[in-house]
Amino acid sequence: MQLLDGKLTAAAYKAQLAAQVKNLQSQGLRPPHLAAILVGDNGASETYVASKVKNCAEVGFESTLIRLTANTTEAELLDTITQCNNNDAIDGILVQLPLPKHISEQKVIEAIDPAKDVDGFHPVSVGKLVQGLDTFVPATPYGIMLMLEHYNINTKGKHAVVIGRSNIVGRPMSVLLSSNHPYGNCTVTVAHSHTHNLADLCKQADIVVAALGKPGFVTADMIKPGAVVIDVGITRVADATKKTGFAIKGDVDFDSVAPLTSYITPVPGGVGLMTIAGLLQNTLKAYLFRKGITL
Ligand code: NAD
């Protein structure tokens with residue numbers, strides 16, 4: 001078993017990005033600039049956005065954190081997005097999800113200029129992804145693809161089971177793994193809450209991507225010896241021994257599954273860190289595209 005180390009892998013991609021920013025600056029160009037919009041005071045969202053801002057600084061990107069209160073109206077949020085769309089100094093826009101119930105996430109996603117859609121959730125980005133065109137890939141599946149590339153994992157012709165079909169993880173992950181890409185070309189089964197015999201399906205898989213949000217759901221009896229297991233799950237589980245009062249748990253029962261695998265991601269220290277790497281890559285991409293620069 002080899003650990004797919006998100007910390008080391010993300011650090012390698014971040015070092016590349018930092019060098020690219022230095023190179024741009026040496027040519028008198030400004031660095032890429034991400035605007036992150038946070039509505040309300042959801043604890044997990046606060047942590048994610050703070051980490052995104054910190055990581056931007058680490059690679060030399062500029063970032064602006066726009067904080068809006070939980071009672072911000074949909075119209076006010078849409079107006080903020082329009083201002084970011086029209087601001088030439090901003091290359092990428094992300095609105096941290098989930099949003100308060102009174103705001104339509106779909107309207108918000110569609111309000112972002114597709115040229116600045118660094119989360120890759122806009123229907124234009126999704127449509128291009130499905131058609132195999134160059135576009136912004138949602139950060140978590142993108143980060144997983146970067147990890148497969150970093151460890152040079154052979155995916156061609158393999159059977160992958162993706163558990164979960166959400167627009168931010170499972171669905172785009174299944175598209176990427178089945179696409180004609182050096183780390184794609186898998187035969188993909190997409191499993192969801194109505195799937196029967198999931199354990200049997202997983203047992204046939206060479207690659208399992210667990211993205212359902214149920215801690216410890218994937219157990220050893222579901223895994224074929226030698227499989228690659230990617231754990232996307234992040235769930236806060238109460239833990240009185242931790243200073244925060246909670247522990248972060250993945251969707252895979254790591255201790256029982258890991259010995260069976262060829263490669264596995266830990267939680268924490270796996271996919272979460274690669275998600276940030278994916279977002280940073282998308283922000284650079286938006287910048288280069290908007291400025292018409294080819295590196
Ligand atoms: P979601 O709730 O939107 O989707 C969950 C999916 O799992 C659904 O498609 C549902 O059909 C499927 N599902 C639920 N129960 C199932 C079951 N018993 N069998 C098979 N499928 C089942 O969740 P999401 O936004 O896709 O996130 C999934 C998990 O990944 C969560 O724990 C989330 O916190 C985590 N996540 C992590 C990162 C990261 O950076 N590591 C990023 C995004 C999401």
# chains A, B, ... in the order shown; residues from 1 in each chain; ligands from 1
>>> residues_near_ligand(ligand="ligand 1", cutoff="9 Å", atoms="only C-alpha atoms and all ligand atoms", output="number ranges by chain")
A: 48, 139-141, 143, 162-171, 190-196, 198, 210-215, 217, 231-236, 249-251, 267-268, 270-276
>>> write_last_selection(atoms="N, CA and C atoms", output="CSV table (one decimal), in the first residue's frame")
chain,number,residue,atom,x,y,z
A,48,TYR,N,-12.8,26.7,5.1
A,48,TYR,CA,-12.4,26.4,3.7
A,48,TYR,C,-12.0,27.7,3.0
A,139,ALA,N,-12.9,21.9,-8.7
A,139,ALA,CA,-11.6,21.8,-8.0
A,139,ALA,C,-11.3,20.4,-7.4
A,140,THR,N,-12.3,19.8,-6.8
A,140,THR,CA,-12.1,18.5,-6.1
A,140,THR,C,-11.7,17.4,-7.1
A,141,PRO,N,-12.6,17.2,-8.2
A,141,PRO,CA,-12.2,16.2,-9.2
A,141,PRO,C,-10.9,16.6,-9.9
A,143,GLY,N,-8.4,18.2,-8.6
A,143,GLY,CA,-7.3,17.9,-7.7
A,143,GLY,C,-7.0,16.4,-7.7
A,162,VAL,N,-17.5,5.3,-8.9
A,162,VAL,CA,-17.6,6.6,-8.3
A,162,VAL,C,-18.8,6.6,-7.4
A,163,ILE,N,-18.7,6.7,-6.1
A,163,ILE,CA,-19.9,6.7,-5.2
A,163,ILE,C,-20.2,8.1,-4.9
A,164,GLY,N,-21.4,8.5,-5.5
A,164,GLY,CA,-21.9,9.9,-5.4
A,164,GLY,C,-22.0,10.5,-6.8
A,165,ARG,N,-23.0,11.3,-6.9
A,165,ARG,CA,-23.3,11.9,-8.3
A,165,ARG,C,-23.5,13.4,-8.1
A,166,SER,N,-22.9,14.0,-7.1
A,166,SER,CA,-23.2,15.5,-7.0
A,166,SER,C,-22.5,16.2,-8.1
A,167,ASN,N,-23.0,17.5,-8.3
A,167,ASN,CA,-22.4,18.3,-9.4
A,167,ASN,C,-21.0,18.8,-9.0
A,168,ILE,N,-20.7,18.8,-7.7
A,168,ILE,CA,-19.3,19.3,-7.4
A,168,ILE,C,-18.3,18.2,-7.3
A,169,VAL,N,-18.7,17.0,-7.1
A,169,VAL,CA,-17.7,15.9,-7.0
A,169,VAL,C,-18.0,14.7,-7.9
A,170,GLY,N,-19.0,13.9,-7.5
A,170,GLY,CA,-19.2,12.6,-8.2
A,170,GLY,C,-19.4,12.7,-9.7
A,171,ARG,N,-20.3,13.6,-10.1
A,171,ARG,CA,-20.6,13.6,-11.5
A,171,ARG,C,-19.4,14.1,-12.4
A,190,VAL,N,-21.3,4.9,-12.0
A,190,VAL,CA,-21.6,5.9,-11.0
A,190,VAL,C,-22.7,5.4,-10.1
A,191,ALA,N,-22.3,5.3,-8.8
A,191,ALA,CA,-23.3,4.8,-7.8
A,191,ALA,C,-23.9,6.0,-7.0
A,192,HIS,N,-25.1,5.8,-6.6
A,192,HIS,CA,-25.8,6.8,-5.8
A,192,HIS,C,-26.7,6.2,-4.8
A,193,SER,N,-27.5,7.0,-4.2
A,193,SER,CA,-28.3,6.5,-3.1
A,193,SER,C,-29.3,5.4,-3.5
A,194,HIS,N,-29.6,5.3,-4.8
A,194,HIS,CA,-30.6,4.3,-5.2
A,194,HIS,C,-29.9,3.0,-5.8
A,195,THR,N,-28.6,3.0,-5.7
A,195,THR,CA,-27.8,1.9,-6.3
A,195,THR,C,-28.0,0.6,-5.5
A,196,HIS,N,-28.3,-0.5,-6.2
A,196,HIS,CA,-28.3,-1.8,-5.5
A,196,HIS,C,-27.0,-2.5,-5.6
A,198,LEU,N,-24.1,-2.3,-4.0
A,198,LEU,CA,-23.0,-1.4,-4.1
A,198,LEU,C,-21.7,-2.1,-3.7
A,210,ALA,N,-14.8,7.5,-3.3
A,210,ALA,CA,-15.9,7.6,-2.4
A,210,ALA,C,-16.2,9.0,-2.1
A,211,ALA,N,-17.4,9.5,-2.5
A,211,ALA,CA,-17.8,10.9,-2.3
A,211,ALA,C,-19.3,10.9,-1.9
A,212,LEU,N,-19.6,10.4,-0.8
A,212,LEU,CA,-21.0,10.3,-0.4
A,212,LEU,C,-21.3,11.1,0.9
A,213,GLY,N,-20.2,11.3,1.7
A,213,GLY,CA,-20.4,12.0,3.0
A,213,GLY,C,-20.9,11.2,4.1
A,214,LYS,N,-20.6,9.9,4.1
A,214,LYS,CA,-21.0,9.0,5.2
A,214,LYS,C,-19.7,8.4,5.8
A,215,PRO,N,-19.3,8.8,7.0
A,215,PRO,CA,-18.0,8.4,7.5
A,215,PRO,C,-17.9,6.9,7.6
A,217,PHE,N,-18.0,4.5,5.5
A,217,PHE,CA,-19.0,3.7,4.7
A,217,PHE,C,-18.3,2.6,3.9
A,231,ASP,N,-10.5,8.7,-1.2
A,231,ASP,CA,-11.6,9.1,-0.2
A,231,ASP,C,-11.8,10.6,-0.2
A,232,VAL,N,-13.0,11.0,-0.7
A,232,VAL,CA,-13.3,12.4,-0.8
A,232,VAL,C,-14.0,13.0,0.4
A,233,GLY,N,-14.6,12.1,1.2
A,233,GLY,CA,-15.5,12.4,2.3
A,233,GLY,C,-14.8,13.3,3.3
A,234,ILE,N,-15.5,14.3,3.8
A,234,ILE,CA,-15.1,15.1,4.9
A,234,ILE,C,-16.3,15.3,5.8
A,235,THR,N,-16.3,14.7,6.9
A,235,THR,CA,-17.4,14.8,7.8
A,235,THR,C,-16.9,15.2,9.2
A,236,ARG,N,-17.4,16.2,9.9
A,236,ARG,CA,-17.0,16.5,11.2
A,236,ARG,C,-17.8,15.6,12.2
A,249,LYS,N,-13.6,13.0,9.4
A,249,LYS,CA,-13.6,11.6,9.0
A,249,LYS,C,-13.9,11.5,7.5
A,250,GLY,N,-13.3,10.5,6.9
A,250,GLY,CA,-13.5,10.3,5.5
A,250,GLY,C,-14.6,9.2,5.3
A,251,ASP,N,-14.9,8.9,4.0
A,251,ASP,CA,-16.0,8.0,3.7
A,251,ASP,C,-15.5,6.5,3.7
A,267,VAL,N,-7.5,10.7,5.1
A,267,VAL,CA,-8.3,11.9,5.5
A,267,VAL,C,-8.1,12.2,7.0
A,268,PRO,N,-7.6,13.4,7.3
A,268,PRO,CA,-7.2,14.5,6.4
A,268,PRO,C,-5.8,14.2,5.8
A,270,GLY,N,-5.4,14.2,2.3
A,270,GLY,CA,-5.5,13.7,1.0
A,270,GLY,C,-6.1,14.6,0.0
A,271,VAL,N,-7.4,14.3,-0.4
A,271,VAL,CA,-8.1,15.0,-1.4
A,271,VAL,C,-8.3,16.5,-1.1
A,272,GLY,N,-8.6,16.8,0.2
A,272,GLY,CA,-8.9,18.2,0.6
A,272,GLY,C,-7.8,19.1,0.2
A,273,LEU,N,-6.6,18.7,0.3
A,273,LEU,CA,-5.4,19.6,0.0
A,273,LEU,C,-5.3,19.7,-1.5
A,274,MET,N,-5.7,18.6,-2.2
A,274,MET,CA,-5.6,18.7,-3.7
A,274,MET,C,-6.7,19.6,-4.3
A,275,THR,N,-7.8,19.7,-3.5
A,275,THR,CA,-8.9,20.6,-4.0
A,275,THR,C,-8.4,22.0,-4.1
A,276,ILE,N,-7.6,22.4,-3.1
A,276,ILE,CA,-7.0,23.8,-3.2
A,276,ILE,C,-6.0,23.9,-4.4
>>> select_by_dssp(residues="stretch 49-291 of chain A", states="alpha helix (DSSP H)", output="number ranges by chain")
A: 49-59, 74-86, 105-111, 123-130, 139-150, 170-178, 198-203, 254-257, 271-291
>>> select_by_dssp(residues="stretch 4-127 of chain A", states="strand (DSSP E)", output="ChimeraX atom specification")
/A:33-39,62-68,92-95
>>> write_last_selection(atoms="all heavy atoms", output="short mmCIF file (atom, residue, chain, number, x, y, z; two decimals), in the first residue's frame")
data_model
loop_
_atom_site.label_atom_id
_atom_site.label_comp_id
_atom_site.auth_asym_id
_atom_site.auth_seq_id
_atom_site.Cartn_x
_atom_site.Cartn_y
_atom_site.Cartn_z
N HIS A 33 -5.57 36.96 -9.53
CA HIS A 33 -6.34 37.50 -8.40
C HIS A 33 -7.67 36.74 -8.28
O HIS A 33 -8.48 36.71 -9.21
CB HIS A 33 -6.60 39.00 -8.68
CG HIS A 33 -7.34 39.71 -7.57
ND1 HIS A 33 -7.53 41.06 -7.58
CD2 HIS A 33 -7.92 39.28 -6.44
CE1 HIS A 33 -8.20 41.43 -6.50
NE2 HIS A 33 -8.46 40.35 -5.79
N LEU A 34 -7.87 36.15 -7.10
CA LEU A 34 -9.11 35.40 -6.82
C LEU A 34 -10.01 36.21 -5.89
O LEU A 34 -9.53 36.73 -4.88
CB LEU A 34 -8.74 34.08 -6.14
CG LEU A 34 -9.92 33.22 -5.66
CD1 LEU A 34 -10.65 32.56 -6.84
CD2 LEU A 34 -9.45 32.13 -4.69
N ALA A 35 -11.29 36.29 -6.22
CA ALA A 35 -12.26 36.88 -5.29
C ALA A 35 -13.10 35.74 -4.71
O ALA A 35 -13.68 34.95 -5.46
CB ALA A 35 -13.16 37.87 -6.02
N ALA A 36 -13.12 35.65 -3.39
CA ALA A 36 -13.91 34.62 -2.71
C ALA A 36 -15.05 35.30 -1.96
O ALA A 36 -14.80 36.24 -1.19
CB ALA A 36 -13.03 33.84 -1.74
N ILE A 37 -16.26 34.84 -2.21
CA ILE A 37 -17.43 35.46 -1.56
C ILE A 37 -17.98 34.47 -0.53
O ILE A 37 -18.29 33.31 -0.87
CB ILE A 37 -18.51 35.83 -2.61
CG1 ILE A 37 -17.90 36.76 -3.68
CG2 ILE A 37 -19.71 36.50 -1.92
CD1 ILE A 37 -18.84 37.10 -4.83
N LEU A 38 -18.08 34.93 0.69
CA LEU A 38 -18.58 34.09 1.79
C LEU A 38 -19.83 34.74 2.37
O LEU A 38 -19.79 35.88 2.82
CB LEU A 38 -17.48 33.97 2.86
CG LEU A 38 -17.81 33.20 4.13
CD1 LEU A 38 -18.15 31.75 3.81
CD2 LEU A 38 -16.63 33.24 5.10
N VAL A 39 -20.92 33.98 2.33
CA VAL A 39 -22.19 34.51 2.85
C VAL A 39 -22.53 33.76 4.14
O VAL A 39 -22.61 32.54 4.15
CB VAL A 39 -23.33 34.33 1.83
CG1 VAL A 39 -24.60 35.04 2.32
CG2 VAL A 39 -22.94 34.87 0.46
N GLU A 62 -2.98 37.26 -5.64
CA GLU A 62 -3.76 38.18 -4.81
C GLU A 62 -5.11 37.54 -4.54
O GLU A 62 -5.59 36.73 -5.34
CB GLU A 62 -3.99 39.50 -5.56
CG GLU A 62 -2.74 40.36 -5.64
CD GLU A 62 -2.92 41.55 -6.55
OE1 GLU A 62 -4.07 41.84 -6.94
OE2 GLU A 62 -1.91 42.15 -6.89
N SER A 63 -5.72 37.91 -3.43
CA SER A 63 -7.09 37.44 -3.19
C SER A 63 -7.86 38.51 -2.45
O SER A 63 -7.27 39.32 -1.73
CB SER A 63 -7.09 36.13 -2.40
OG SER A 63 -6.63 36.36 -1.10
N THR A 64 -9.16 38.50 -2.68
CA THR A 64 -10.05 39.40 -1.95
C THR A 64 -11.14 38.55 -1.35
O THR A 64 -11.80 37.79 -2.07
CB THR A 64 -10.68 40.44 -2.91
OG1 THR A 64 -9.62 41.17 -3.53
CG2 THR A 64 -11.60 41.40 -2.18
N LEU A 65 -11.31 38.66 -0.04
CA LEU A 65 -12.39 37.93 0.62
C LEU A 65 -13.55 38.91 0.84
O LEU A 65 -13.39 39.92 1.52
CB LEU A 65 -11.90 37.35 1.94
CG LEU A 65 -12.97 36.74 2.85
CD1 LEU A 65 -13.77 35.66 2.13
CD2 LEU A 65 -12.33 36.15 4.10
N ILE A 66 -14.67 38.60 0.22
CA ILE A 66 -15.85 39.45 0.38
C ILE A 66 -16.81 38.74 1.33
O ILE A 66 -17.33 37.66 1.00
CB ILE A 66 -16.52 39.72 -0.99
CG1 ILE A 66 -15.51 40.38 -1.93
CG2 ILE A 66 -17.78 40.58 -0.83
CD1 ILE A 66 -15.97 40.48 -3.37
N ARG A 67 -16.99 39.32 2.50
CA ARG A 67 -17.86 38.71 3.51
C ARG A 67 -19.21 39.39 3.50
O ARG A 67 -19.29 40.61 3.60
CB ARG A 67 -17.26 38.94 4.90
CG ARG A 67 -16.12 38.06 5.22
CD ARG A 67 -15.58 38.43 6.60
NE ARG A 67 -14.72 37.39 7.07
CZ ARG A 67 -15.15 36.28 7.64
NH1 ARG A 67 -16.43 36.09 7.88
NH2 ARG A 67 -14.30 35.36 8.01
N LEU A 68 -20.26 38.59 3.39
CA LEU A 68 -21.61 39.13 3.43
C LEU A 68 -22.37 38.44 4.56
O LEU A 68 -22.13 37.26 4.84
CB LEU A 68 -22.32 38.88 2.09
CG LEU A 68 -21.63 39.47 0.84
CD1 LEU A 68 -22.34 39.01 -0.43
CD2 LEU A 68 -21.61 40.99 0.90
N GLY A 92 -10.64 35.35 -11.07
CA GLY A 92 -11.48 34.21 -10.71
C GLY A 92 -12.44 34.58 -9.60
O GLY A 92 -12.09 35.36 -8.71
N ILE A 93 -13.64 34.03 -9.68
CA ILE A 93 -14.66 34.30 -8.64
C ILE A 93 -15.14 32.97 -8.10
O ILE A 93 -15.51 32.07 -8.87
CB ILE A 93 -15.87 35.05 -9.24
CG1 ILE A 93 -15.44 36.34 -9.93
CG2 ILE A 93 -16.94 35.32 -8.17
CD1 ILE A 93 -16.53 36.95 -10.82
N LEU A 94 -15.17 32.86 -6.76
CA LEU A 94 -15.85 31.69 -6.20
C LEU A 94 -16.82 32.16 -5.13
O LEU A 94 -16.53 33.08 -4.38
CB LEU A 94 -14.87 30.65 -5.67
CG LEU A 94 -14.14 30.86 -4.36
CD1 LEU A 94 -15.01 30.47 -3.16
CD2 LEU A 94 -12.89 30.01 -4.37
N VAL A 95 -17.98 31.53 -5.12
CA VAL A 95 -18.94 31.78 -4.05
C VAL A 95 -18.98 30.51 -3.23
O VAL A 95 -19.30 29.42 -3.76
CB VAL A 95 -20.34 32.10 -4.64
CG1 VAL A 95 -21.33 32.34 -3.50
CG2 VAL A 95 -20.28 33.30 -5.57
#
>>> residues_around(residues="A:Ala12", least_positions_apart="4", cutoff="12 Å", atoms="only C-alpha atoms", output="VMD selection string")
chain A and resid 5 to 8 16 to 19 59 146 to 147 150 to 151 273 to 274 277
>>> residues_around(residues="A:Arg290", least_positions_apart="2", cutoff="9 Å", atoms="only C-alpha atoms", output="number ranges by chain")
A: 91, 115-116, 285-288, 292-293
